[in-house]
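Take a look at the structure set out below.
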Protein chains: 2
Amino acid sequence: MTIQVAARIEDIEDAAAREARAPSSLVMRFSADEPLRLDAGRELAPFQIAYTTAGELNAAKSNAILVCHALTGDQYVASRNPVTGKPGWWETLVGPGKPINTRKYFVVCSDVVGGCMGSTGPAAIDPATGEPYGITLPVLTIRDMVRAQAMLIDRLGIDTLFAVVGGSMGGMQVLEWAVSYPTRVFAALPIATGARHSSQNIAFHEVGRQAVVADPEWRGGRYILEGSRPHKGLAVARMAAHVTYLSEAALARKFGRNLQDREALGFGFDADFQIESYLRHQGMTFVDRFDANSYLYLTRAMDYFDIAADYGGRLADAFRGSRTRFCLVSFTSDWLFPTGESRAVVHALNAVAASVSFVEVETDRGHDAFLLDEPVMFDAIRGFVSSAARARGL
Amino acid sequence: MTIQVAARIEDIEDAAAREARAPSSLVMRFSADEPLRLDAGRELAPFQIAYTTAGELNAAKSNAILVCHALTGDQYVASRNPVTGKPGWWETLVGPGKPINTRKYFVVCSDVVGGCMGSTGPAAIDPATGEPYGITLPVLTIRDMVRAQAMLIDRLGIDTLFAVVGGSMGGMQVLEWAVSYPTRVFAALPIATGARHSSQNIAFHEVGRQAVVADPEWRGGRYILEGSRPHKGLAVARMAAHVTYLSEAALARKFGRNLQDREALGFGFDADFQIESYLRHQGMTFVDRFDANSYLYLTRAMDYFDIAADYGGRLADAFRGSRTRFCLVSFTSDWLFPTGESRAVVHALNAVAASVSFVEVETDRGHDAFLLDEPVMFDAIRGFVSSAARARGL
């Protein structure tokens, strides 16, 4: 059965299927005896985590920084992505001499469980059936992702992380780390994120999921087994999401109403405007590197995220007694995670007298600003990390 | 051939196909000798306009108000929609004793050309082929819609409209009326609109169009002929658009993270949250009343809208010499047509010393506020209409 599936997978090989079978990065395997306990009330076993590292772990194992990726990110934070051939997604921030200096720190970044770059996700083979999980994989949460990361960090022999840092869904993981493992996180940098997913954000995610499942090639989630791919639906989902990552001002500045390769309107349904070409390109390239079912699982995990829910709705209680140092960053034009979302976390931390600094960066680049060259963000992170390092004796 | 098509249409009868064959409202027919000249450089003939009226035209024919509908609106502005069974879409504003008082004014509202409620659109039969136009209909513009309305108004024997009023795409038509027929519009009320469609708005429309054409049931636009319907794609398009009609604050207030018919998260991909159920419902009900190709045409017309483009980019020049009185209304939480879009029109009108008043309504209800019970908007419109009526001697 397994051989038959593998043959089918190769019929329409894509990054997700390929990485699920043989990840390009380091892989930590957990046997059937070491299950991942899931919030859904089930266990995932065996499972694996694909990850990369940069820099050297010091003898005291006190200089480790965990970087958490966003919805469509991966473990290639500071090294070339072998699937896309592109530079690491946060090389502006992480690397030799960068604000997160890999000459000084040991950086770990893992593909989240549920992802499609080598960690166990819906494209992986379910040992119970010999077929890809598809949507038989239990729905995962941000806490499940963090629990898996903690098992990886255990295996690496690291007790306390010097820092955990991430943006958007990565920032949710940072907050979850600080809440679930308060003594194991010396410093936390949640960026462009919030303590819960808003109604509007759930709405946009639901649009994306419906676009995927509306594609008949989705085949009830069994597309890998059946040799198809819901590329059109996933591309639409990506296009809708991509608009939300930008801002009206940035779109006006970059594209405006500029026409694409033409002098006048075409009076047809081809891409007349540059913004249309740009979006179509974003959709088309995304499907080559991302698994549609992973998209369902990761958006669901974000929607489920609500730290205060386990604390009677009192966010501050989640952080009570925390000795972690926090630095939050938001962006003025981010309308997925507007500054108010970060401010709510800051207020909760203030309420329990936690150590917290907060920077709102003035930019028109929207939510995606956290991935871009934003000097004010870099300065804030560099300063915070340096200060925390002194406090940690690094 | 025509009979064969009609039989197929009845196989999966829907509102768009039914209304294209036999509109429920009044219909004005224009013969092959009276073509509609299109911006695409082609002509549409014969064609027809489905419309409703309310109130009585006075002897001087000076009390006519044209109401222009938005993207998914129709001619049933103040009377029950026979397809949906719902009240007229602007009965809060238009009716006996309402701010647009049908005891005093003669109100005309027509389905736009390109629409699907009885005016000629992509679901109508092309006399040259005996088959539905589908996407062989030339791409239409807001100016084409207005040109068709002007032919209807001519037929009704009305020279000068006392007022033209509309929101969103309807507001675009109002502005186009004022520019194309300045002497035929005594008063103009463009609401929740702008003089051009922004890059972000084009982006969201493109997402919707791609959702439609990604549906294999779209069949290259020939779905009526082939007995199918791209309902899933159109539903996704509607869901994406619907999010943009609301505001984050309104979504938080109405839905928040409330669960749908359950005590706890379901750990599946059913609708856990009320906002998900709501959106799915919006998508599902929309496809029963709207034609997918009309959705392509009308979104395209909005994207193409850019009044200043014909005036060397100088919006003020479009209004130079205008004696029309303008009243613009915007809403603080409308992020499709933020107040700045209305303000740009106001500034252009000020620059040519036109008569203009402007009201920004404080509300959290987003773009859709123009369709809702918004007392400040009603007061503004009532006051402006009364004042214009006095000036007009009504």
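Identifiers in this document derive from the order of the structure tokens: chains are assigned A, B, ..., residues are numbered from 1 separately in each chain, and ligands are numbered from 1 in order of occurrence.
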
*Restrict the distance test to only C-alpha atoms, flag each residue of chain A within 6 Å of chain B, and return the flagged residues as number ranges by chain.*
A: 139, 199-200, 207, 211, 214, 232, 236, 240, 248, 251-252, 256-257, 267-268

*Per DSSP on the backbone, what are the alpha helix (DSSP H) residues of segment 207-356 of chain B, as a ChimeraX atom specification?*
/B:207-214,231-245,248-254,274-289,292-304,315-318,339-351

*Provide the atom CA of Asp159 of chain A to atom CA of Trp177 of chain A distance in Å, to one decimal place.*
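Spanning atom CA of Asp159 of chain A to atom CA of Trp177 of chain A is a straight-line distance of 13.1 Å.
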
_Selection near Val108 of chain B, 7 Å with only C-alpha atoms, sequence-local residues under 2 positions removed, as JSON, numbers by chain_ = {"B": [52, 53, 54, 65, 66, 67, 106, 110]}

_atom CA of Gly366 of chain A to atom CA of Val94 of chain A, distance in Å rounded to a single decimal_ =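 Atom CA of Gly366 of chain A sits 21.1 Å away from atom CA of Val94 of chain A.
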
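Summary of the local environment: counting only C-alpha atoms, residues at most 8 Å from Met117 of chain A, other than itself and those fewer than 4 positions away along its chain, are Ala15, Ala16, Glu19, Ala20, Pro23, Ala50, Asp74, Gln75 and Asp111 of chain A.
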
*Interatomic distance, atom CA of Pro46 of chain B to atom CA of Ser31 of chain B (Å, one decimal)*: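 For atom CA of Pro46 of chain B relative to atom CA of Ser31 of chain B, the distance reads 4.6 Å.
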
*asked:* So that I can check the surroundings of Leu298 of chain B, please list as JSON, numbers by chain every protein, DNA and RNA residue that reaches within 8 Å of it, counting only C-alpha atoms and ignoring chain neighbours fewer than 6 positions away.
replied: {"B": [71, 114, 115, 140]}

_DSSP-assigned strand (DSSP E) members of segment 56-250 of chain A, reported as number ranges by chain_ = A: 64-68, 94-95, 100-101, 106-110, 125-126, 131-132, 161-167, 185-191

*asked:* List the spatial neighbours of Val376 of chain B as a list in words - criterion: any atom at most 9 Å away, only C-alpha atoms, same-chain residues fewer than 2 positions off excluded.
replied: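 My list of contacting residues is Val359, Val361, Glu362, Glu374, Phe378, Asp379, Ala380 and Ile381 of chain B.
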
Would you mind exporting N, CA, C and O atoms of the selected residues as a compact mmCIF listing (two decimals), in the first residue's frame?
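Once written, out-v1.txt looks like this:
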# COMPACT_ATOMS: atom_id res chain seq x y z
N VAL B 359 -20.96 64.99 4.52
CA VAL B 359 -21.19 64.48 5.88
C VAL B 359 -20.42 63.19 6.06
O VAL B 359 -20.56 62.26 5.27
N VAL B 361 -20.29 60.16 8.49
CA VAL B 361 -21.12 59.57 9.55
C VAL B 361 -20.25 58.67 10.43
O VAL B 361 -19.55 57.80 9.93
N GLU B 362 -20.32 58.90 11.74
CA GLU B 362 -19.59 58.09 12.72
C GLU B 362 -20.36 56.80 12.95
O GLU B 362 -21.48 56.80 13.43
N GLU B 374 -29.20 54.35 9.48
CA GLU B 374 -28.19 55.29 9.97
C GLU B 374 -28.82 56.68 10.03
O GLU B 374 -28.84 57.43 9.05
N PHE B 378 -29.67 59.62 7.19
CA PHE B 378 -31.05 59.96 6.80
C PHE B 378 -31.30 61.45 6.96
O PHE B 378 -31.88 62.10 6.09
N ASP B 379 -30.86 61.99 8.09
CA ASP B 379 -31.07 63.42 8.34
C ASP B 379 -30.35 64.27 7.29
O ASP B 379 -30.89 65.26 6.80
N ALA B 380 -29.13 63.84 6.97
CA ALA B 380 -28.35 64.60 5.98
C ALA B 380 -29.05 64.58 4.63
O ALA B 380 -29.18 65.61 3.95
N ILE B 381 -29.53 63.41 4.23
CA ILE B 381 -30.18 63.29 2.93
C ILE B 381 -31.50 64.04 2.92
O ILE B 381 -31.82 64.78 1.98

*Could you pull the residues within 8 Å of Arg323 of chain B, counting only C-alpha atoms, minus those fewer than 3 positions along the same chain, as a ChimeraX atom specification?*
/B:182-183,186,354-355

Write the residues you've just listed into a file as a PDB file, in the first residue's frame, and include C-alpha atoms for each of them.
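Full text of out02.pdb as output:
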ATOM      1  CA  PRO B 182     -24.214  67.887 -16.001  1.00  0.00           C
ATOM      2  CA  THR B 183     -27.284  69.792 -17.203  1.00  0.00           C
ATOM      3  CA  PHE B 186     -30.096  69.094 -10.479  1.00  0.00           C
ATOM      4  CA  ALA B 354     -19.371  73.806  -7.233  1.00  0.00           C
ATOM      5  CA  SER B 355     -22.097  73.571  -4.620  1.00  0.00           C
TER       6      SER B 355
END

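Using only C-alpha atoms, the nearest neighbour of Ala348 of chain A within the list A:Leu38, A:Ala308, A:Ala264, A:Ala316 is A:Ala316.
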
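Distance annotation: of A:Gly312, A:Arg222, A:Leu189, A:Ala389, the residue with the minimal separation from Val356 of chain A is A:Leu189; atom set is only C-alpha atoms.
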